[in-house]
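What follows is one structure encoded as C-alpha cells, with my remarks underneath.
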Amino acid sequence: MFSFLRKVKEANRPRCTALVAAAGASSRMEGVNKVLEPLEGVPVLARTLVSFQLAEEIDEIVVAAREEDLVEISRMCRTYDITKCTKVVRGGESRVHSVLLAALEASPDSALLAVQDGARPLVTPELIGRVVSAAARCGAAAPAVAVKDTVKTVRADGAVERTLERETLRAVQTPQVFEASLLKAALQSALESGAPVTDDCSAVERLGKVAFLVEGEEENLKITTPMDLILAEAILRAREAGQ
C-alpha cells in the first residue's frame with residue numbers, strides 16, 4: 001500500500017533536474033581545485049552529488065565542469081554510483097554561462113531546475129526536498145539563513161557609509177530552484193546584458209520575478225578557502241559521532 005502511495009506521489013510531482021556548477025577557478029584555494037579536494041576521504045563534489053542522488057525530489061543531474069575535469073568527474077560519478085547524473089558538460093566563461101549551458105542539456109520534460117554549487121558538500125537531501133517543494137508552489141525558491149554579524153556598507157576609502165538592519169538580512173545558499181523556462185530566460189538575459197549577478201535568484205529578480213526564501217541550514221557552507229575545508233571536516237566528524 002505504502003509503495004503504491006509513494007508511486008502516486010512521485011507521479012504527481014513536477015520533474016526536477018539538478019544543475020551542478022563545478023567549473024569555477026577556485027581562485028582562493030591556493031592552487032587546488034576545490035571540488036576535487038578530498039573531504040574526509042571523499043571528493044567535495046562527490047559528496048554534493050551523493051546528496052542529490054539521495055533526494056527523492058531530484059530526477060536527473062547535469063554537471064557543468066572545467067574541460068580538463070570532464071573525464072575525472074564522469075569517472076567519479078561511476079565510482080560513487082551517481083546514477084542520476086546523465087551528463088557532465090563543459091562549463092562556460094562565467095558561472096551564469098556554465099549554468100545556462102547545463103540548463104540547455106536538461107531533459108525537456110523537467111518542469112523545475114535546481115541550481116547547486118558543486119562546492120557545497122554538506123547540503124542534505126532534506127533541504128533539497130524543502131526547496132524543490134517550495135519552488136513547485138511559487139516558481140522560484142532558495143534556502144537562506146539569518147545573518148549573525150552586523151553588516152555595514154563602506155566607501156572606497158574604508159569609511160562606514162551606513163549600518164544595515166540585521167533583522168532583514170539573509171545569507172542565501174543553494175540549491176536555488178526555479179521553473180525551467182523562467183531560469184533559462186533569466187540566465188540568457190543576464191548573459192546578453194553582462195549584468196553582474198551573483199546568484200541565480202538575482203538573475204530571476206532582474207526579470208521582475210519574486211523569489212521566495214525557505215529556512216536553510218547553517219552547516220550548508222560553501223567551500224571557498226582552505227579554512228572552509230577544515231570547518232566542513234569538523235562538521236562531518238560531528239555528524240558521524242551523532243549517528
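Going by the C-alpha cells order, chains are called A, B, ..., each with residues numbered from 1, while ligands are numbered from 1 in the order shown.
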Using only C-alpha atoms, find each residue in region 112-199 of chain A having at least one atom no more than 7 Å away from region 79-102 of chain A; report its shortest atom-to-atom pair and that distance in Å (one decimal), rows by chain then rising number, as a Markdown table.
| residue | atom | partner | partner_atom | distance |
| --- | --- | --- | --- | --- |
| A:Lys184 | CA | A:Leu100 | CA | 6.4 |
| A:Leu187 | CA | A:Leu100 | CA | 6.1 |
| A:Leu191 | CA | A:Val96 | CA | 6.7 |
Got time to write the residues from that selection, N, CA, C and O atoms, as a compact mmCIF listing (two decimals), in the first residue's frame?
# COMPACT_ATOMS: atom_id res chain seq x y z
N LYS A 184 15.94 29.70 -17.56
CA LYS A 184 16.65 29.81 -18.84
C LYS A 184 16.56 31.23 -19.39
O LYS A 184 17.56 31.79 -19.87
N LEU A 187 18.79 33.59 -17.18
CA LEU A 187 20.22 33.42 -17.42
C LEU A 187 20.62 33.99 -18.77
O LEU A 187 21.67 34.63 -18.91
N LEU A 191 23.24 37.02 -19.28
CA LEU A 191 24.44 36.80 -20.08
C LEU A 191 24.55 37.83 -21.20
O LEU A 191 25.62 38.40 -21.44
May I have the residues within 6 Å of Pro121 (chain A) as an MDAnalysis selection string, using only C-alpha atoms and disregarding those fewer than 3 positions away in the same chain? chainID A and resid 44 47:48
Given the selection you just returned, output its residues as a file containing all heavy atoms, formatted as an mmCIF file, in the first residue's frame.
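Now in selection22.cif:
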data_model
loop_
_atom_site.group_PDB
_atom_site.id
_atom_site.type_symbol
_atom_site.label_atom_id
_atom_site.label_comp_id
_atom_site.auth_asym_id
_atom_site.auth_seq_id
_atom_site.Cartn_x
_atom_site.Cartn_y
_atom_site.Cartn_z
ATOM 1 N N VAL A 44 34.996 16.626 -2.607
ATOM 2 C CA VAL A 44 33.941 17.597 -2.283
ATOM 3 C C VAL A 44 32.748 17.439 -3.222
ATOM 4 O O VAL A 44 31.591 17.353 -2.787
ATOM 5 C CB VAL A 44 34.505 19.034 -2.355
ATOM 6 C CG1 VAL A 44 33.369 20.063 -2.378
ATOM 7 C CG2 VAL A 44 35.437 19.306 -1.192
ATOM 8 N N ARG A 47 30.546 14.348 -2.640
ATOM 9 C CA ARG A 47 29.621 14.478 -1.508
ATOM 10 C C ARG A 47 28.393 15.297 -1.897
ATOM 11 O O ARG A 47 27.268 14.983 -1.503
ATOM 12 C CB ARG A 47 30.337 15.116 -0.316
ATOM 13 C CG ARG A 47 31.357 14.189 0.346
ATOM 14 C CD ARG A 47 31.858 14.766 1.663
ATOM 15 N NE ARG A 47 32.794 13.872 2.326
ATOM 16 C CZ ARG A 47 32.450 12.844 3.098
ATOM 17 N NH1 ARG A 47 31.165 12.592 3.321
ATOM 18 N NH2 ARG A 47 33.354 12.080 3.665
ATOM 19 N N THR A 48 28.617 16.342 -2.675
ATOM 20 C CA THR A 48 27.488 17.149 -3.155
ATOM 21 C C THR A 48 26.545 16.301 -4.001
ATOM 22 O O THR A 48 25.326 16.319 -3.811
ATOM 23 C CB THR A 48 28.005 18.340 -3.990
ATOM 24 O OG1 THR A 48 28.909 19.113 -3.205
ATOM 25 C CG2 THR A 48 26.857 19.224 -4.452
#
Residues at most 8 Å from region 195-202 of chain A, counting only C-alpha atoms, excluding those fewer than 4 positions away in the same chain, as a VMD selection string? chain A and resid 96 115 140 142 176 183 187 190 to 191 206 211
May I ask which of the residues A:Leu122, A:Leu213, A:Ala185, A:Ala65 is the closest one to Glu233 (chain A), counting only C-alpha atoms?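 Using only C-alpha atoms, Glu233 (chain A) sits closest to A:Leu122.
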Taking only C-alpha atoms into account, which of A:Cys77, A:Leu182, A:Ala136, A:Ile223 comes nearest Pro14 (chain A)? A:Ala136
Pick out the residues sitting within 12 Å of Asp228 (chain A), and hand them over as a CSV table (one decimal) with N, CA and C atoms, in the first residue's frame; count only C-alpha atoms, and ignore anything fewer than 6 positions along from it in its own chain.
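So the final result, stored in around27.csv, reads:
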chain,number,residue,atom,x,y,z
A,28,ARG,N,40.6,31.2,-4.6
A,28,ARG,CA,41.1,31.4,-3.3
A,28,ARG,C,41.4,30.1,-2.5
A,29,MET,N,41.7,29.1,-3.3
A,29,MET,CA,42.1,27.8,-2.7
A,29,MET,C,43.6,27.4,-2.9
A,34,LYS,N,39.0,23.0,-5.7
A,34,LYS,CA,38.2,22.7,-4.5
A,34,LYS,C,37.2,21.6,-4.7
A,37,GLU,N,39.0,18.3,-4.2
A,37,GLU,CA,39.7,18.1,-3.0
A,37,GLU,C,39.0,17.1,-2.1
A,39,LEU,N,37.5,15.4,1.1
A,39,LEU,CA,36.8,15.9,2.3
A,39,LEU,C,36.5,14.6,3.1
A,44,VAL,N,35.0,16.6,-2.6
A,44,VAL,CA,33.9,17.6,-2.3
A,44,VAL,C,32.7,17.4,-3.2
A,119,ALA,N,30.6,23.1,-4.8
A,119,ALA,CA,31.4,23.2,-3.6
A,119,ALA,C,30.6,23.4,-2.3
A,120,ARG,N,29.3,22.9,-2.3
A,120,ARG,CA,28.5,22.9,-1.1
A,120,ARG,C,28.3,21.4,-0.7
A,121,PRO,N,29.3,20.7,-0.2
A,121,PRO,CA,29.2,19.3,0.0
A,121,PRO,C,28.3,18.8,1.2
A,122,LEU,N,27.9,19.7,2.1
A,122,LEU,CA,27.2,19.4,3.3
A,122,LEU,C,25.7,19.6,3.1
A,219,GLU,N,24.9,24.5,8.4
A,219,GLU,CA,26.0,23.6,8.0
A,219,GLU,C,26.2,23.6,6.5
A,220,ASN,N,25.3,24.2,5.8
A,220,ASN,CA,25.3,24.1,4.3
A,220,ASN,C,26.3,25.2,3.8
A,221,LEU,N,27.6,25.1,4.2
A,221,LEU,CA,28.6,26.1,3.8
A,221,LEU,C,29.2,25.8,2.5
A,222,LYS,N,29.7,26.8,1.9
A,222,LYS,CA,30.4,26.7,0.6
A,222,LYS,C,31.9,26.7,0.8
A,234,ALA,N,35.2,19.2,10.3
A,234,ALA,CA,34.7,19.1,11.7
A,234,ALA,C,33.2,18.8,11.7
A,235,ILE,N,32.5,19.4,10.8
A,235,ILE,CA,31.0,19.2,10.8
A,235,ILE,C,30.8,17.7,10.4
Write out as number ranges by chain the set of residues from region 62-137 of chain A that DSSP, computed on the backbone, places in alpha helix (DSSP H). A: 70-79, 95-104, 125-137
Selected residue, from A:Gln188, A:Asn12, A:Thr174, A:Thr224, that lies nearest to Asp117 (chain A) when counting only C-alpha atoms: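 The answer is A:Thr174, which sits nearest to Asp117 (chain A).
The coordinates place CA of Gly41 (chain A) at 27.4 Å from CA of Thr17 (chain A).
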Counting only C-alpha atoms, the residue of A:Ala241, A:Met76, A:Val172, A:Ala64 that sits nearest Ala146 (chain A): A:Val172
If we count only C-alpha atoms and set the cut-off at 12 Å, which residues sit around Arg137 (chain A), ignoring sequence neighbours fewer than 6 positions away in its own chain? Please answer as a ChimeraX atom specification. /A:13-14,111-112,130-131,177-179,211-212
Go ahead and write the selection's residues with N, CA and C atoms as a tab-separated table (two decimals), in the first residue's frame.
chain	number	residue	atom	x	y	z
A	13	ARG	N	4.24	14.85	-8.81
A	13	ARG	CA	5.16	15.96	-8.59
A	13	ARG	C	5.87	16.35	-9.89
A	14	PRO	N	6.29	17.60	-10.01
A	14	PRO	CA	7.00	18.03	-11.22
A	14	PRO	C	8.39	17.42	-11.29
A	111	ALA	N	10.22	20.23	-15.39
A	111	ALA	CA	9.48	21.47	-15.11
A	111	ALA	C	10.27	22.39	-14.20
A	112	LEU	N	11.15	21.82	-13.36
A	112	LEU	CA	11.94	22.60	-12.41
A	112	LEU	C	13.43	22.34	-12.63
A	130	ARG	N	12.92	20.40	0.60
A	130	ARG	CA	12.13	21.56	1.03
A	130	ARG	C	12.13	22.65	-0.03
A	131	VAL	N	13.29	22.89	-0.63
A	131	VAL	CA	13.38	23.97	-1.61
A	131	VAL	C	12.65	23.59	-2.90
A	177	VAL	N	15.97	26.89	-6.78
A	177	VAL	CA	15.13	26.11	-7.68
A	177	VAL	C	14.10	27.01	-8.37
A	178	PHE	N	13.94	26.79	-9.68
A	178	PHE	CA	13.08	27.66	-10.49
A	178	PHE	C	12.30	26.85	-11.53
A	179	GLU	N	11.21	27.47	-11.98
A	179	GLU	CA	10.56	26.93	-13.18
A	179	GLU	C	11.58	26.96	-14.31
A	211	ALA	N	11.46	35.82	-5.89
A	211	ALA	CA	11.95	34.55	-5.35
A	211	ALA	C	11.60	34.48	-3.87
A	212	PHE	N	11.21	33.32	-3.41
A	212	PHE	CA	10.84	33.13	-2.01
A	212	PHE	C	11.92	32.32	-1.29
Would you return as a ChimeraX atom specification the members of chain A that DSSP assigns to strand (DSSP E or B) on this structure's backbone? /A:16-22,38-39,42-43,60-65,85-90,112-117,140-146,152-154,160-163,170-172,176-179,212-215
